[in-house]
Amino acid sequence: ITPDAISYVAAINACSQSDSAIPQAEKWLSQMDAVALEPHSVAINSVISSCAKAGDAQRATHWLHQMEGRNLIPDLFSHNAVMDAFATAGDTGGAEKWLQVMRAKGIVPDIVTYSALINASAKAGDAALAEE
C-alpha cells in the first residue's frame, strides 16, 4: 500500500501530540515532497500546530511563510496557530505583532485569536493587555 496525502497528514498530526516531535513532523512533510505529493495547507497547518504546541513561534512563522512560498494561502487557522505559538512562548509582543500582520492581510481575528493574545498576556503577567 502506497501512502497518500491523508496518510502523511495523519502521521504529522500524530507528531503534534508530543512537544518534542516537531522534527519528526517536518520529516513527514519532507517525505511528502520526496514522493511527489505536494504538501497542502492541511499538512503544513499540522506542522504549524506542532510548533505552536511547543511554543516555537519562530518555526511556526517559518512554516507559514513556506506555505506562502508554495503558493498556498494561509487561512485563519494558519494564523491562529502562529498566534498560539507566541502565546505558548509567553511572547506578548510577538502575539500583538502577529495580530497586526493578520489584520494587514485582511484576516478577521476571531475568538481563538483573542484567546491566544489573552493567554500570552497572562503568561507574561500583563493584566492590562489582557483586559484590552
# chains A, B, ... in the order shown; residues from 1 in each chain; ligands from 1

$ residues_around --residues "range 60-68 of chain A" --least-positions-apart "5" --cutoff "7 Å" --atoms "only C-alpha atoms" --output "JSON, numbers by chain"
{"A": [44, 48, 51, 52, 73, 74, 78, 82, 85]}

$ write_last_selection --atoms "N, CA and C atoms" --output "short mmCIF file (atom, residue, chain, number, x, y, z; two decimals), in the first residue's frame"
data_model
loop_
_atom_site.label_atom_id
_atom_site.label_comp_id
_atom_site.auth_asym_id
_atom_site.auth_seq_id
_atom_site.Cartn_x
_atom_site.Cartn_y
_atom_site.Cartn_z
N ILE A 44 0.68 21.40 6.14
CA ILE A 44 1.54 22.44 6.70
C ILE A 44 0.91 23.05 7.94
N ILE A 48 2.56 23.57 11.64
CA ILE A 48 2.48 24.84 12.38
C ILE A 48 1.86 24.59 13.76
N CYS A 51 4.39 23.16 16.08
CA CYS A 51 5.27 24.23 16.54
C CYS A 51 4.60 25.06 17.63
N ALA A 52 3.31 25.33 17.44
CA ALA A 52 2.56 26.13 18.42
C ALA A 52 2.51 25.42 19.76
N ILE A 73 -2.46 29.58 0.35
CA ILE A 73 -2.92 30.77 1.08
C ILE A 73 -3.18 30.39 2.53
N PRO A 74 -2.34 30.91 3.44
CA PRO A 74 -2.58 30.66 4.86
C PRO A 74 -3.94 31.26 5.26
N SER A 78 -4.29 28.91 10.09
CA SER A 78 -2.83 29.03 9.99
C SER A 78 -2.32 30.16 10.88
N VAL A 82 -0.06 30.26 14.53
CA VAL A 82 1.15 31.06 14.79
C VAL A 82 0.94 31.92 16.03
N ALA A 85 1.47 29.90 19.02
CA ALA A 85 2.88 29.65 19.29
C ALA A 85 3.47 30.80 20.11
#

$ closest_residue --among "A:Ala87, A:Leu37, A:Leu29, A:Val42" --to "Ala54 in chain A" --atoms "only C-alpha atoms"
A:Ala87

$ residues_around --residues "Val101 in chain A" --least-positions-apart "4" --cutoff "12 Å" --atoms "only C-alpha atoms" --output "list of chain:residue names"
A:Thr61, A:Leu76, A:His79, A:Asn80, A:Val82, A:Met83, A:Gly94, A:Ala95, A:Glu96, A:Lys97, A:Lys105, A:Gly106, A:Ile107, A:Val108, A:Pro109

$ write_last_selection --atoms "N, CA and C atoms" --output "JSON list (two decimals), in the first residue's frame"
[["chain", "number", "residue", "atom", "x", "y", "z"],
["A", 61, "THR", "N", 6.22, 30.48, 12.38],
["A", 61, "THR", "CA", 6.24, 31.56, 11.39],
["A", 61, "THR", "C", 6.95, 31.11, 10.12],
["A", 76, "LEU", "N", -7.24, 31.58, 8.35],
["A", 76, "LEU", "CA", -7.38, 31.99, 9.74],
["A", 76, "LEU", "C", -6.76, 30.95, 10.67],
["A", 79, "HIS", "N", -2.95, 31.31, 10.75],
["A", 79, "HIS", "CA", -2.53, 32.48, 11.52],
["A", 79, "HIS", "C", -2.80, 32.31, 13.02],
["A", 80, "ASN", "N", -3.93, 31.71, 13.36],
["A", 80, "ASN", "CA", -4.21, 31.47, 14.77],
["A", 80, "ASN", "C", -3.20, 30.51, 15.39],
["A", 82, "VAL", "N", -0.06, 30.26, 14.53],
["A", 82, "VAL", "CA", 1.15, 31.06, 14.79],
["A", 82, "VAL", "C", 0.94, 31.92, 16.03],
["A", 83, "MET", "N", -0.23, 32.54, 16.15],
["A", 83, "MET", "CA", -0.54, 33.33, 17.36],
["A", 83, "MET", "C", -0.42, 32.47, 18.61],
["A", 94, "GLY", "N", 5.25, 39.55, 20.38],
["A", 94, "GLY", "CA", 5.13, 38.78, 19.15],
["A", 94, "GLY", "C", 3.68, 38.50, 18.80],
["A", 95, "ALA", "N", 2.88, 38.19, 19.81],
["A", 95, "ALA", "CA", 1.46, 37.93, 19.58],
["A", 95, "ALA", "C", 0.76, 39.19, 19.08],
["A", 96, "GLU", "N", 1.07, 40.33, 19.69],
["A", 96, "GLU", "CA", 0.47, 41.59, 19.24],
["A", 96, "GLU", "C", 0.89, 41.92, 17.81],
["A", 97, "LYS", "N", 2.17, 41.71, 17.51],
["A", 97, "LYS", "CA", 2.67, 41.98, 16.16],
["A", 97, "LYS", "C", 1.96, 41.07, 15.16],
["A", 105, "LYS", "N", -3.32, 41.72, 6.42],
["A", 105, "LYS", "CA", -3.64, 40.78, 5.33],
["A", 105, "LYS", "C", -5.14, 40.68, 5.09],
["A", 106, "GLY", "N", -5.92, 41.37, 5.91],
["A", 106, "GLY", "CA", -7.37, 41.32, 5.76],
["A", 106, "GLY", "C", -8.00, 40.10, 6.41],
["A", 107, "ILE", "N", -7.26, 39.45, 7.30],
["A", 107, "ILE", "CA", -7.79, 38.29, 8.01],
["A", 107, "ILE", "C", -8.46, 38.79, 9.28],
["A", 108, "VAL", "N", -9.73, 38.49, 9.42],
["A", 108, "VAL", "CA", -10.50, 38.96, 10.56],
["A", 108, "VAL", "C", -10.26, 38.05, 11.76],
["A", 109, "PRO", "N", -9.70, 38.61, 12.85],
["A", 109, "PRO", "CA", -9.46, 37.80, 14.05],
["A", 109, "PRO", "C", -10.77, 37.25, 14.61]]

$ residues_around --residues "Ser16 in chain A" --least-positions-apart "2" --cutoff "9 Å" --atoms "only C-alpha atoms" --output "VMD selection string"
chain A and resid 11 to 14 18 to 22 25 46 to 47 49 to 51 53 to 54

$ atom_distance --atom1 "CA of Tyr8 in chain A" --atom2 "CA of Phe86 in chain A"
26.2 Å
